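J.: There's a structure below that I have some questions on.
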Amino acid sequence: MGVCFIRSLSHSLTRGLIGLSYAASKTIPKGMILHNVTGWFLLPGKADERFIYNVRIIRDGGYSTRGVNVVQESDPGVCFTCICSFKKPEKESTPSIDIRQRLDLRKEFSAVLMNKQPHEHEEMPGVDAPWYWEFSKRNGGYTDPFPGLHLHKVDMDLYNNPKASDGLDHRNLKYYSVRGDMPAMGSLSHTVIFHGTAEEFDMIDRKTGGARWFCQEAWTGGARQGRGTHQSRMWADDGLHIATSLQDGMVRLRTEGQEGKPGFSPEAMIRQLESRTRVKEKL
């Protein structure tokens, strides 16, 4: 059993989830594809500090399994842990069933997509949270882009407003595309099941050399007992369903008059980011 230490240059754990699967892939034989990632957030991460991925080899074979523990430079405690499973591609000669969903996004969400191209929707920062948008407004529209990806968020008001106020039928759409080039592998976040081949996840169109656009359709299944679910489907640019994700999240309501810790308190996070921004300006 071996351990591979790979240092992430990302400054946010959410952003680092893409790098997490990539780190695990560096210990896998060529030709295998990532098909499942299941992980757990254990401690809040510090947004202004690097994350280090410790990759543990659990099993090699037709299905190869890796465990990844994530720590930070100032704290040896594991803040995120996950299991990544890789498999060999199915042989064309092997009988199989290929039944997957397809969706015409422009038809299903015509009220909000209209005739806009993915890059014409509002650019999204690396942290998509109300407190970050408030921070951006207070600081002249400043955003911290998601490393390696173009992210654009669709304004869903026209689609969501007519639906029930409990939010269960509401949808969230985000387009993403790679910045520059990248190896022929792709992964996203939290708990993800991948349904396709490596070619279907390739973020570069190898015929034209251009970046491909993908779309994440997200919604909540409900919240109770301090927990809430975030579910999503990932669609390729041709409408093919390529991945499914499920996140079990902690829900904490804001308490008036109490600020709380950065990572849980909007006001504390805003002040922390404003402090970092002032330091960058001085440099």
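We label chains A, B, ... in the order they appear in the structure tokens, count residues from 1 in each chain, and number ligands from 1 in the order shown.
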Give me, as a Markdown table, the closest atom pair and its distance (Å, one decimal) for every residue of stretch 67-148 of chain A within a cut-off of 10 Å of stretch 31-49 of chain A, counting only C-alpha atoms, rows sorted by chain and rising number.

T.:
```
| residue | atom | partner | partner_atom | distance |
| --- | --- | --- | --- | --- |
| A:Gly67 | CA | A:Gly39 | CA | 9.5 |
| A:Val68 | CA | A:Gly39 | CA | 8.9 |
| A:Asn69 | CA | A:Gly39 | CA | 9.6 |
| A:Val70 | CA | A:Phe41 | CA | 9.6 |
| A:Val71 | CA | A:Gly45 | CA | 8.6 |
| A:Gln72 | CA | A:Glu49 | CA | 7.0 |
| A:Glu73 | CA | A:Glu49 | CA | 7.4 |
| A:Ser74 | CA | A:Glu49 | CA | 8.3 |
| A:Asp75 | CA | A:Gly45 | CA | 9.8 |
| A:Gly77 | CA | A:Leu43 | CA | 8.0 |
| A:Val78 | CA | A:Leu42 | CA | 6.9 |
| A:Cys79 | CA | A:Leu43 | CA | 4.3 |
| A:Phe80 | CA | A:Phe41 | CA | 4.6 |
| A:Thr81 | CA | A:Trp40 | CA | 5.5 |
| A:Cys82 | CA | A:Gly39 | CA | 3.7 |
| A:Ile83 | CA | A:Thr38 | CA | 5.5 |
| A:Cys84 | CA | A:Val37 | CA | 4.6 |
| A:Ser85 | CA | A:Asn36 | CA | 5.3 |
| A:Phe86 | CA | A:Leu34 | CA | 4.3 |
| A:Lys87 | CA | A:Met32 | CA | 5.3 |
| A:Lys88 | CA | A:Met32 | CA | 4.7 |
| A:Pro89 | CA | A:Met32 | CA | 6.5 |
```

J.: Once DSSP has gone over the backbone, tell me which residues of stretch 181-253 of chain A are in helix (DSSP H, G or I), as a PyMOL selection string.

T.: chain A and resi 198-201

J.: Using C-alpha atoms, can you write the selected residues to a file as an mmCIF file, in the first residue's frame?

T.:
```cif
data_model
loop_
_atom_site.group_PDB
_atom_site.id
_atom_site.type_symbol
_atom_site.label_atom_id
_atom_site.label_comp_id
_atom_site.auth_asym_id
_atom_site.auth_seq_id
_atom_site.Cartn_x
_atom_site.Cartn_y
_atom_site.Cartn_z
ATOM 1 C CA ALA A 198 -13.371 9.278 -21.434
ATOM 2 C CA GLU A 199 -14.064 10.827 -24.854
ATOM 3 C CA GLU A 200 -17.509 12.014 -23.732
ATOM 4 C CA PHE A 201 -15.953 13.795 -20.742
#
```

J.: Give me the residues within 12 Å of A:Glu108 as a list of chain:residue names, counting only C-alpha atoms and dropping any in the same chain fewer than 3 places off.

T.: A:Arg102, A:Leu103, A:Asp104, A:Leu105, A:Ala111, A:Val112, A:Leu113, A:Met114, A:Tyr159, A:Arg171, A:Leu173, A:Glu217, A:Gly239

J.: For the structure I just gave you, how does DSSP split stretch 111-201 of chain A - specifically, which residues are strand (DSSP E)? Reply as an NGL selection string.

T.: :A and (122-123 or 149-153 or 172-178 or 191-194)

J.: With all heavy atoms retained, write the just-selected residues as a compact mmCIF listing (two decimals), in the first residue's frame.

T.:
```
# COMPACT_ATOMS: atom_id res chain seq x y z
N GLU A 122 -24.18 35.52 -17.17
CA GLU A 122 -23.34 36.19 -16.19
C GLU A 122 -22.19 35.29 -15.73
O GLU A 122 -22.39 34.12 -15.41
CB GLU A 122 -24.17 36.61 -14.98
CG GLU A 122 -23.40 37.39 -13.93
CD GLU A 122 -24.28 37.87 -12.79
OE1 GLU A 122 -25.37 37.29 -12.61
OE2 GLU A 122 -23.88 38.81 -12.09
N GLU A 123 -20.97 35.86 -15.71
CA GLU A 123 -19.83 35.10 -15.23
C GLU A 123 -19.96 34.84 -13.74
O GLU A 123 -20.38 35.70 -12.98
CB GLU A 123 -18.53 35.85 -15.51
CG GLU A 123 -17.29 35.03 -15.15
CD GLU A 123 -15.99 35.71 -15.54
OE1 GLU A 123 -16.04 36.90 -15.89
OE2 GLU A 123 -14.94 35.06 -15.46
N LEU A 149 -11.38 26.99 -15.27
CA LEU A 149 -12.68 26.87 -15.93
C LEU A 149 -13.31 28.24 -16.17
O LEU A 149 -13.15 29.15 -15.38
CB LEU A 149 -13.65 26.04 -15.09
CG LEU A 149 -13.40 24.55 -14.92
CD1 LEU A 149 -14.46 23.94 -14.01
CD2 LEU A 149 -13.37 23.83 -16.26
N HIS A 150 -14.05 28.33 -17.28
CA HIS A 150 -14.98 29.43 -17.49
C HIS A 150 -16.32 28.99 -16.90
O HIS A 150 -16.83 27.92 -17.24
CB HIS A 150 -15.16 29.73 -18.98
CG HIS A 150 -13.92 30.24 -19.65
ND1 HIS A 150 -13.46 31.52 -19.49
CD2 HIS A 150 -13.05 29.62 -20.49
CE1 HIS A 150 -12.37 31.70 -20.20
NE2 HIS A 150 -12.09 30.56 -20.81
N LEU A 151 -16.90 29.78 -16.02
CA LEU A 151 -18.17 29.45 -15.40
C LEU A 151 -19.17 30.57 -15.65
O LEU A 151 -18.86 31.74 -15.43
CB LEU A 151 -18.01 29.26 -13.89
CG LEU A 151 -17.42 27.95 -13.38
CD1 LEU A 151 -17.26 28.00 -11.88
CD2 LEU A 151 -18.29 26.77 -13.77
N HIS A 152 -20.38 30.20 -16.12
CA HIS A 152 -21.42 31.18 -16.36
C HIS A 152 -22.74 30.65 -15.81
O HIS A 152 -23.12 29.51 -16.05
CB HIS A 152 -21.54 31.48 -17.86
CG HIS A 152 -20.34 32.17 -18.41
ND1 HIS A 152 -20.26 33.54 -18.52
CD2 HIS A 152 -19.16 31.68 -18.87
CE1 HIS A 152 -19.08 33.87 -19.03
NE2 HIS A 152 -18.40 32.76 -19.24
N LYS A 153 -23.42 31.51 -15.05
CA LYS A 153 -24.65 31.13 -14.37
C LYS A 153 -25.85 31.75 -15.05
O LYS A 153 -25.86 32.94 -15.34
CB LYS A 153 -24.57 31.57 -12.90
CG LYS A 153 -25.74 31.14 -12.04
CD LYS A 153 -25.52 31.55 -10.61
CE LYS A 153 -26.65 31.08 -9.71
NZ LYS A 153 -26.41 31.44 -8.29
N ASN A 172 -31.36 25.23 -11.18
CA ASN A 172 -30.21 26.12 -11.29
C ASN A 172 -29.35 25.60 -12.43
O ASN A 172 -29.04 24.41 -12.48
CB ASN A 172 -29.43 26.09 -9.96
CG ASN A 172 -28.21 26.99 -9.97
OD1 ASN A 172 -27.28 26.76 -10.73
ND2 ASN A 172 -28.21 27.98 -9.11
N LEU A 173 -28.99 26.46 -13.37
CA LEU A 173 -28.18 26.06 -14.52
C LEU A 173 -26.85 26.79 -14.51
O LEU A 173 -26.80 28.01 -14.36
CB LEU A 173 -28.90 26.35 -15.84
CG LEU A 173 -30.17 25.56 -16.15
CD1 LEU A 173 -30.70 25.97 -17.52
CD2 LEU A 173 -29.92 24.05 -16.11
N LYS A 174 -25.78 26.03 -14.69
CA LYS A 174 -24.44 26.60 -14.80
C LYS A 174 -23.73 26.00 -15.99
O LYS A 174 -23.71 24.77 -16.16
CB LYS A 174 -23.62 26.32 -13.53
CG LYS A 174 -24.23 26.90 -12.26
CD LYS A 174 -23.47 26.43 -11.03
CE LYS A 174 -24.14 26.93 -9.76
NZ LYS A 174 -23.50 26.41 -8.53
N TYR A 175 -23.15 26.85 -16.82
CA TYR A 175 -22.34 26.39 -17.94
C TYR A 175 -20.87 26.45 -17.56
O TYR A 175 -20.44 27.38 -16.87
CB TYR A 175 -22.56 27.28 -19.17
CG TYR A 175 -23.82 26.99 -19.94
CD1 TYR A 175 -24.94 27.82 -19.83
CD2 TYR A 175 -23.90 25.90 -20.81
CE1 TYR A 175 -26.10 27.56 -20.54
CE2 TYR A 175 -25.06 25.64 -21.53
CZ TYR A 175 -26.15 26.48 -21.40
OH TYR A 175 -27.29 26.23 -22.11
N TYR A 176 -20.13 25.47 -17.98
CA TYR A 176 -18.69 25.51 -17.72
C TYR A 176 -17.91 24.97 -18.92
O TYR A 176 -18.37 24.11 -19.65
CB TYR A 176 -18.33 24.73 -16.44
CG TYR A 176 -18.71 23.27 -16.45
CD1 TYR A 176 -17.81 22.28 -16.82
CD2 TYR A 176 -19.99 22.87 -16.05
CE1 TYR A 176 -18.15 20.95 -16.82
CE2 TYR A 176 -20.35 21.52 -16.05
CZ TYR A 176 -19.42 20.57 -16.43
OH TYR A 176 -19.77 19.24 -16.43
N SER A 177 -16.72 25.55 -19.08
CA SER A 177 -15.84 25.17 -20.17
C SER A 177 -14.41 25.39 -19.71
O SER A 177 -14.14 26.27 -18.88
CB SER A 177 -16.14 26.03 -21.41
OG SER A 177 -15.27 25.70 -22.47
N VAL A 178 -13.47 24.61 -20.23
CA VAL A 178 -12.09 24.68 -19.79
C VAL A 178 -11.41 25.95 -20.29
O VAL A 178 -11.71 26.46 -21.37
CB VAL A 178 -11.31 23.43 -20.25
CG1 VAL A 178 -11.15 23.43 -21.77
CG2 VAL A 178 -9.96 23.34 -19.57
N THR A 191 -20.27 13.89 -4.46
CA THR A 191 -20.48 12.49 -4.83
C THR A 191 -20.95 12.46 -6.28
O THR A 191 -22.01 13.00 -6.60
CB THR A 191 -21.54 11.83 -3.94
OG1 THR A 191 -21.08 11.88 -2.59
CG2 THR A 191 -21.78 10.39 -4.35
N VAL A 192 -20.16 11.86 -7.14
CA VAL A 192 -20.44 11.93 -8.58
C VAL A 192 -20.36 10.54 -9.18
O VAL A 192 -19.44 9.78 -8.89
CB VAL A 192 -19.43 12.85 -9.31
CG1 VAL A 192 -19.84 13.02 -10.77
CG2 VAL A 192 -19.34 14.21 -8.63
N ILE A 193 -21.34 10.21 -10.01
CA ILE A 193 -21.33 8.97 -10.78
C ILE A 193 -21.23 9.35 -12.25
O ILE A 193 -22.05 10.13 -12.75
CB ILE A 193 -22.60 8.14 -10.55
CG1 ILE A 193 -22.75 7.80 -9.06
CG2 ILE A 193 -22.57 6.85 -11.37
CD1 ILE A 193 -24.08 7.19 -8.70
N PHE A 194 -20.21 8.83 -12.92
CA PHE A 194 -19.98 9.15 -14.33
C PHE A 194 -20.57 8.05 -15.21
O PHE A 194 -20.35 6.87 -14.95
CB PHE A 194 -18.49 9.30 -14.59
CG PHE A 194 -17.85 10.41 -13.80
CD1 PHE A 194 -17.32 10.18 -12.55
CD2 PHE A 194 -17.81 11.70 -14.30
CE1 PHE A 194 -16.75 11.20 -11.80
CE2 PHE A 194 -17.25 12.73 -13.57
CZ PHE A 194 -16.72 12.47 -12.31
```

J.: To one decimal in Å, tell me the separation between atom CA of A:Asp166 and atom CA of A:Thr220.

T.: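 Atom-to-atom, atom CA of A:Asp166 to atom CA of A:Thr220, that is 10.1 Å.
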
J.: Which residue is closest to A:His241? Choose from A:Gly196, A:Gly61, A:Gly148, A:Gly210 and count only C-alpha atoms.

T.: A:Gly196

J.: Mind checking which residues fall within 9 Å of A:Gly167, counting only C-alpha atoms, ignoring those fewer than 2 positions away in the same chain, and posting them as a list in words?

T.: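 Listed by chain and then number, they are Asn160, Lys163, Ala164, Ser165, Asp169, His170, Arg171, Trp219, Thr220, Gly221 and Gly222 of chain A.
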
J.: Quick one: pull the distance between atom CA of A:Gly228 and atom CA of A:Leu20, Å, one decimal.

T.: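 Value for the atom CA of A:Gly228-atom CA of A:Leu20 distance: 23.7 Å.
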
J.: To one decimal place, how far is atom CA of A:Gln272 from atom CA of A:Phe146 in Å?

T.: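 Distance reported for this atom pair: 18.4 Å.
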
J.: For each of A:Met156, A:Ala218, A:Ile57, A:Ile270, take the minimum atom-to-atom distance to A:Pro130, counting only C-alpha atoms, then give the residue where this is smallest.

T.: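 Using only C-alpha atoms, the shortest distance to A:Pro130 belongs to A:Ile270.
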
J.: Closest to A:Ile242 among A:Asp60, A:Asp98, A:Glu120, A:Asp155, using only C-alpha atoms?

T.: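 With only C-alpha atoms as the atom set, the closest residue is A:Asp98.
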
J.: Here is a test: counting only C-alpha atoms, which residue of A:Ile28, A:His195, A:Arg179, A:Asp128 is nearest to A:Trp213?

T.: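 The closest residue to A:Trp213 is A:Arg179.
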